[in-house]
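This report refers to the structure that appears directly beneath it.
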Amino acid sequence: MRKIKYKKGRKLQHITLEYTGTQKEHETEMQLFVYDDADVIEYEKFTVLALNTCIDYTKNNWLNIHGLNDINLLKTVGAHFKLDDFLLADILNTSKRTKLEEQKDILFFNIKSLLPSEYSDNISVEQISFILKDGILISFQEKRSDFFTHIRERLRTHAGIVRTKKVDYLLYLLLDAVMENFYITIEDEEDKIEELINLTKKGADPVILEKIENHRDNFNFLKRSIIPLRDSLYYLKTIKDDDTYNGIEKETFSFFIRLHQKSLELLEQIESDMSSLESASNFYFSEQSRKMNEIMKTLTIISAIFIPLTFIVGVYGMNFEYMPELRARNGYFIVMGCMFLLVIALIIYFKKRRWF
């Protein structure tokens with residue numbers, strides 16, 4: 001059975017700063033939004049030289065980094081914001097599972113963004129990491145994508161309440177946008193499952209069973225990705241009364257509780273879809289068994305018709321000298337007629353019994 005190959009990085013030591021993903025061709029770029037209720041300033045092609053001059057801690061700051069290939073640039077960013085090498089290693093090591101880490105003045109969150117591949121049944125995976133500090137949110141993406149385009153537009157046009165809130169609310173919006181990709185992926189898998197169910201009703205092609213197993217692998221991968229996210233969101237909503245980290249405002253915790261509920265809904269939906277996939281698999285084997293039974297029934301009926309004919313032929317094939325029928329002038333025609341009538345009688349009998 002063909003195994004679906006997901007993007008996996010090689011194992012590294014915790015302190016090793018090396019990008020382990022597959023997006024090696026993407027150049028590292030930075031984008032900065034400085035905003036509040038009154039105004040927003042957007043810096044494209046932002047450089048590390050402008051970290052001291054452009055970031056305004058009296059407002060909200062969102063620093064978005066695309067591409068993780070420039071290790072020196074990431075080290076410079078880490079040094080500026082006093083991020084230890086363990087956090088940078090977790091950002092660069094894409095083989096790590098979803099993780100939430102709370103420090104005194106930092107909240108670190110990484111998440112797997114999943115989307116269906118365009119030309120195959122595989123799932124495309126990208127790791128996105130977030131650093132939340134007082135007044136600034138830093139996001140790390142493996143490549144430039146349009147996950148957050150609508151959020152950027154909301155910042156530019158002052159749509160919604162994002163510019164009236166702190167950066168912890170922006171973190172909620174970004175996580176919510178990533179989680180929407182789970183819904184897109186699950187819906188795509190559901191459409192493919194519906195196609196498989198329709199195919200199993202038309203035939204029992206072995207390729208169908210292979211596709212069913214591939215999609216079962218996809219759902220197991222989705223489940224393994226969402227479970228640590230659910231646990232992290234549960235932990236995040238429980239730090240409301242914790243004095244260790246105070247970067248999230250009290251009223252914002254309700255939004256993260258919504259994300260936790262979404263993760264539970266996603267897991268329930270996956271369980272339901274896996275049941276449908278199991279039904280498709282059972283239907284495939286049932287169809288195989290039904291066809292096999294039809295074949296066996298046909299062969300049995302043919303055998304039942306020819307067994308008495310074989311018996312008659314065997315009787316008259318014996319080499320005894322004194323067999324009265326052998327000397328009858330019309331013996332051949334009589335025996336053939338009896339055999340023909342016997343076949344007709346058996347067919348009528350089987351038909352009345354509805355054996356075919």
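Residue numbers start at 1 in each chain; chains themselves are named A, B, ... in the order of the structure tokens; ligands are numbered from 1 in the order shown.
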
message: Please list as a ChimeraX atom specification every residue within 10 Å of A:Lys165, counting only C-alpha atoms and excluding residues in the same chain fewer than 3 positions away.
response: /A:36-37,60,161-162,168-170,249,252

### Message
Taking only stretch 114-308 of chain A into account, list the residues labelled strand (DSSP E) by DSSP (computed from the backbone), as a ChimeraX atom specification.
### Response
/A:114-116,123-133,136-141

Using only C-alpha atoms, the best pick from A:Ala345, A:Ile184, A:Ile111, A:Val125 as closest to A:Ile226 would be A:Ile111

Item to complete: Check stretch 118-237 of chain A with DSSP on the backbone and list each residue it calls alpha helix (DSSP H), as JSON, numbers by chain.
Response: {"A": [149, 150, 151, 152, 153, 154, 155, 156, 157, 167, 168, 169, 170, 171, 172, 173, 174, 175, 176, 177, 178, 179, 180, 181, 182, 183, 184, 185, 186, 187, 188, 189, 190, 191, 192, 193, 194, 195, 196, 197, 198, 199, 200, 201, 202, 206, 207, 208, 209, 210, 211, 212, 213, 214, 215, 216, 217, 218, 219, 220, 221, 222, 223, 224, 225, 226, 227, 228, 229, 230, 231, 232, 233, 234, 235, 236, 237]}

message = Would you pick out the contacts of stretch 259-276 of chain A at 7 Å or less, using only C-alpha atoms, so that residues sharing its chain but fewer than 2 positions from it are not included, and give the list as a PyMOL selection string?
response = chain A and resi 176+190+216+219+223+226+230+233-234+255-257+278-280

Residue with the minimum atom-to-atom distance to A:Ile151, picked from A:Val178, A:Met292, A:Cys54, A:Gly337 with only C-alpha atoms counted, is A:Val178

So that each row is one residue of stretch 5-82 of chain A with an atom at most 12 Å from stretch 127-133 of chain A, can you give its shortest atom pair and the distance in Å to one decimal, using only C-alpha atoms, rows by chain and rising number, as a Markdown table?
| residue | atom | partner | partner_atom | distance |
| --- | --- | --- | --- | --- |
| A:Lys7 | CA | A:Gln127 | CA | 10.2 |
| A:Lys8 | CA | A:Gln127 | CA | 10.7 |
| A:Gly9 | CA | A:Gln127 | CA | 11.0 |
| A:Tyr19 | CA | A:Gln127 | CA | 11.4 |
| A:Thr20 | CA | A:Gln127 | CA | 10.8 |
| A:Gly21 | CA | A:Gln127 | CA | 8.7 |
| A:Thr22 | CA | A:Gln127 | CA | 10.9 |
| A:Gln23 | CA | A:Gln127 | CA | 10.8 |
| A:Tyr57 | CA | A:Lys133 | CA | 10.4 |
| A:Asn60 | CA | A:Lys133 | CA | 10.5 |
| A:Asn61 | CA | A:Lys133 | CA | 9.9 |
| A:Trp62 | CA | A:Leu132 | CA | 9.5 |
| A:Leu63 | CA | A:Ile131 | CA | 9.7 |
| A:Asn64 | CA | A:Phe130 | CA | 9.2 |
| A:Ile65 | CA | A:Ser129 | CA | 9.8 |
| A:His66 | CA | A:Ile128 | CA | 9.8 |
| A:Gly67 | CA | A:Ile128 | CA | 10.5 |
| A:Leu68 | CA | A:Ile128 | CA | 10.5 |
| A:Val77 | CA | A:Ile131 | CA | 11.5 |
| A:Gly78 | CA | A:Ile131 | CA | 10.3 |
| A:Phe81 | CA | A:Lys133 | CA | 8.8 |
| A:Lys82 | CA | A:Lys133 | CA | 10.5 |

Prev. selection, N, CA and C atoms, output as a CSV table (one decimal), in the first residue's frame:
chain,number,residue,atom,x,y,z
A,7,LYS,N,5.4,16.4,4.6
A,7,LYS,CA,6.7,17.1,4.8
A,7,LYS,C,7.2,16.9,6.2
A,8,LYS,N,8.4,16.3,6.2
A,8,LYS,CA,9.0,16.0,7.6
A,8,LYS,C,10.4,16.5,7.6
A,9,GLY,N,10.8,17.2,8.6
A,9,GLY,CA,12.1,17.6,8.8
A,9,GLY,C,12.9,16.6,9.5
A,19,TYR,N,17.1,25.4,9.6
A,19,TYR,CA,15.7,25.2,9.1
A,19,TYR,C,15.6,23.8,8.5
A,20,THR,N,14.6,23.0,9.0
A,20,THR,CA,14.5,21.6,8.6
A,20,THR,C,13.3,21.4,7.6
A,21,GLY,N,12.6,22.5,7.2
A,21,GLY,CA,11.5,22.3,6.2
A,21,GLY,C,12.0,22.2,4.8
A,22,THR,N,11.0,22.2,3.9
A,22,THR,CA,11.3,21.9,2.5
A,22,THR,C,11.2,23.2,1.6
A,23,GLN,N,10.8,24.3,2.2
A,23,GLN,CA,10.7,25.6,1.5
A,23,GLN,C,12.0,26.3,1.4
A,57,TYR,N,6.3,51.0,20.7
A,57,TYR,CA,5.7,50.3,21.7
A,57,TYR,C,4.6,51.0,22.4
A,60,ASN,N,0.4,49.2,18.8
A,60,ASN,CA,0.5,47.7,18.5
A,60,ASN,C,1.4,47.5,17.3
A,61,ASN,N,2.2,46.4,17.4
A,61,ASN,CA,3.1,46.1,16.3
A,61,ASN,C,2.9,44.6,15.9
A,62,TRP,N,2.9,44.4,14.6
A,62,TRP,CA,2.8,43.0,14.1
A,62,TRP,C,4.0,42.9,13.1
A,63,LEU,N,4.9,42.1,13.4
A,63,LEU,CA,6.1,41.8,12.6
A,63,LEU,C,5.9,40.4,12.0
A,64,ASN,N,5.7,40.3,10.7
A,64,ASN,CA,5.5,39.0,10.0
A,64,ASN,C,6.7,38.7,9.2
A,65,ILE,N,7.3,37.5,9.4
A,65,ILE,CA,8.5,37.1,8.7
A,65,ILE,C,8.1,35.9,7.8
A,66,HIS,N,8.4,36.1,6.5
A,66,HIS,CA,8.2,35.0,5.5
A,66,HIS,C,9.5,34.4,5.2
A,67,GLY,N,9.6,33.1,5.2
A,67,GLY,CA,10.8,32.4,4.8
A,67,GLY,C,11.7,32.2,6.0
A,68,LEU,N,12.2,31.0,6.2
A,68,LEU,CA,13.1,30.8,7.4
A,68,LEU,C,14.5,30.3,7.0
A,77,VAL,N,16.9,39.1,14.9
A,77,VAL,CA,15.6,39.3,15.4
A,77,VAL,C,15.5,38.8,16.8
A,78,GLY,N,16.0,37.5,17.0
A,78,GLY,CA,15.9,36.9,18.3
A,78,GLY,C,16.6,37.7,19.3
A,81,PHE,N,14.8,40.9,20.4
A,81,PHE,CA,13.6,40.8,21.2
A,81,PHE,C,13.9,39.8,22.4
A,82,LYS,N,15.2,39.5,22.6
A,82,LYS,CA,15.6,38.7,23.8
A,82,LYS,C,14.9,37.3,23.8

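For A:Asp84, the list of residues within 12 Å, based on only C-alpha atoms and with local chain neighbours fewer than 3 positions off taken out, reads His14, Ile15, Thr16, Leu17, Leu74, Lys75, Thr76, Val77, Gly78, Ala79, His80, Phe81, Leu87, Leu88, Ala89, Asp90, Ile91, Gln103, Ile106, Phe108 and Ile131 of chain A.
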
Give me, as a list of chain:residue names, all polymer residues having an atom no more than 9 Å from A:Glu44, counting only C-alpha atoms and skipping those fewer than 6 positions away in the same chain.
A:Glu29, A:Met30, A:Gln31, A:Leu32, A:Phe33

Store the residues of this selection in a file with C-alpha atoms, as a short mmCIF file (atom, residue, chain, number, x, y, z; two decimals), in the first residue's frame.
data_model
loop_
_atom_site.label_atom_id
_atom_site.label_comp_id
_atom_site.auth_asym_id
_atom_site.auth_seq_id
_atom_site.Cartn_x
_atom_site.Cartn_y
_atom_site.Cartn_z
CA GLU A 29 11.33 38.79 4.03
CA MET A 30 9.76 40.87 6.78
CA GLN A 31 6.64 43.01 6.95
CA LEU A 32 5.68 45.32 9.82
CA PHE A 33 2.33 46.81 10.79
#

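Note that atom CA of A:Lys297 and atom CA of A:Asn282 are 22.0 Å apart.
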
Excluding stretch 199-209 of chain A and its own-chain neighbours fewer than 4 positions away, which residues fall within 8 Å of it when counting only C-alpha atoms? Please give them as a PyMOL selection string.
chain A and resi 195+213+280-281+283-284+287-288

I need the chosen residues saved as a short mmCIF file (atom, residue, chain, number, x, y, z; two decimals), in the first residue's frame, with all heavy atoms.
data_model
loop_
_atom_site.label_atom_id
_atom_site.label_comp_id
_atom_site.auth_asym_id
_atom_site.auth_seq_id
_atom_site.Cartn_x
_atom_site.Cartn_y
_atom_site.Cartn_z
N GLU A 195 -17.13 10.80 -3.35
CA GLU A 195 -16.83 10.24 -4.65
C GLU A 195 -16.46 8.76 -4.54
O GLU A 195 -16.86 7.94 -5.37
CB GLU A 195 -15.67 11.01 -5.30
CG GLU A 195 -16.02 12.45 -5.68
CD GLU A 195 -14.83 13.19 -6.25
OE1 GLU A 195 -13.77 12.56 -6.42
OE2 GLU A 195 -14.95 14.40 -6.51
N GLU A 213 -7.69 3.79 1.85
CA GLU A 213 -6.61 3.73 2.84
C GLU A 213 -5.80 5.02 2.87
O GLU A 213 -5.37 5.48 3.93
CB GLU A 213 -5.70 2.53 2.54
CG GLU A 213 -6.36 1.19 2.76
CD GLU A 213 -6.89 1.03 4.17
OE1 GLU A 213 -6.17 1.40 5.12
OE2 GLU A 213 -8.03 0.56 4.32
N ALA A 280 -17.51 3.16 3.85
CA ALA A 280 -17.14 2.97 2.45
C ALA A 280 -16.27 1.72 2.29
O ALA A 280 -16.44 0.95 1.33
CB ALA A 280 -16.38 4.19 1.94
N SER A 281 -15.35 1.52 3.25
CA SER A 281 -14.51 0.32 3.21
C SER A 281 -15.35 -0.94 3.38
O SER A 281 -15.17 -1.93 2.65
CB SER A 281 -13.44 0.41 4.30
OG SER A 281 -12.63 -0.73 4.31
N PHE A 283 -18.53 -1.26 2.70
CA PHE A 283 -19.35 -1.42 1.51
C PHE A 283 -18.54 -2.04 0.38
O PHE A 283 -19.05 -2.87 -0.38
CB PHE A 283 -19.92 -0.06 1.08
CG PHE A 283 -20.96 -0.15 0.01
CD1 PHE A 283 -22.30 -0.30 0.34
CD2 PHE A 283 -20.61 -0.08 -1.33
CE1 PHE A 283 -23.26 -0.40 -0.65
CE2 PHE A 283 -21.56 -0.18 -2.32
CZ PHE A 283 -22.90 -0.34 -1.98
N TYR A 284 -17.26 -1.64 0.28
CA TYR A 284 -16.40 -2.21 -0.76
C TYR A 284 -16.27 -3.72 -0.57
O TYR A 284 -16.44 -4.51 -1.51
CB TYR A 284 -15.03 -1.54 -0.71
CG TYR A 284 -14.00 -2.18 -1.61
CD1 TYR A 284 -13.90 -1.80 -2.95
CD2 TYR A 284 -13.13 -3.15 -1.13
CE1 TYR A 284 -12.96 -2.38 -3.79
CE2 TYR A 284 -12.19 -3.74 -1.96
CZ TYR A 284 -12.11 -3.35 -3.28
OH TYR A 284 -11.18 -3.94 -4.11
N GLU A 287 -19.48 -5.50 -1.30
CA GLU A 287 -19.70 -5.63 -2.74
C GLU A 287 -18.82 -6.74 -3.32
O GLU A 287 -19.26 -7.49 -4.19
CB GLU A 287 -19.38 -4.29 -3.41
CG GLU A 287 -19.69 -4.23 -4.90
CD GLU A 287 -21.17 -4.32 -5.21
OE1 GLU A 287 -21.98 -4.17 -4.28
OE2 GLU A 287 -21.50 -4.56 -6.39
N GLN A 288 -17.60 -6.83 -2.81
CA GLN A 288 -16.73 -7.92 -3.24
C GLN A 288 -17.33 -9.28 -2.87
O GLN A 288 -17.34 -10.21 -3.69
CB GLN A 288 -15.35 -7.77 -2.59
CG GLN A 288 -14.51 -6.65 -3.13
CD GLN A 288 -13.80 -7.01 -4.42
OE1 GLN A 288 -14.44 -7.20 -5.45
NE2 GLN A 288 -12.49 -7.08 -4.39
#

| Which neighbours of A:Phe147 fall inside 9 Å, counting only C-alpha atoms, when residues of the same chain fewer than 2 positions from it are skipped, and could you give them as a list in words? | Arg144, Ser145, Thr149, His150, Ile151, Leu174, Ala177, Val178 and Asn181 of chain A

Among A:Lys99, A:Leu49, A:Asp70, A:Lys59, A:Ile227 is approached most closely, using only C-alpha atoms, by A:Lys99
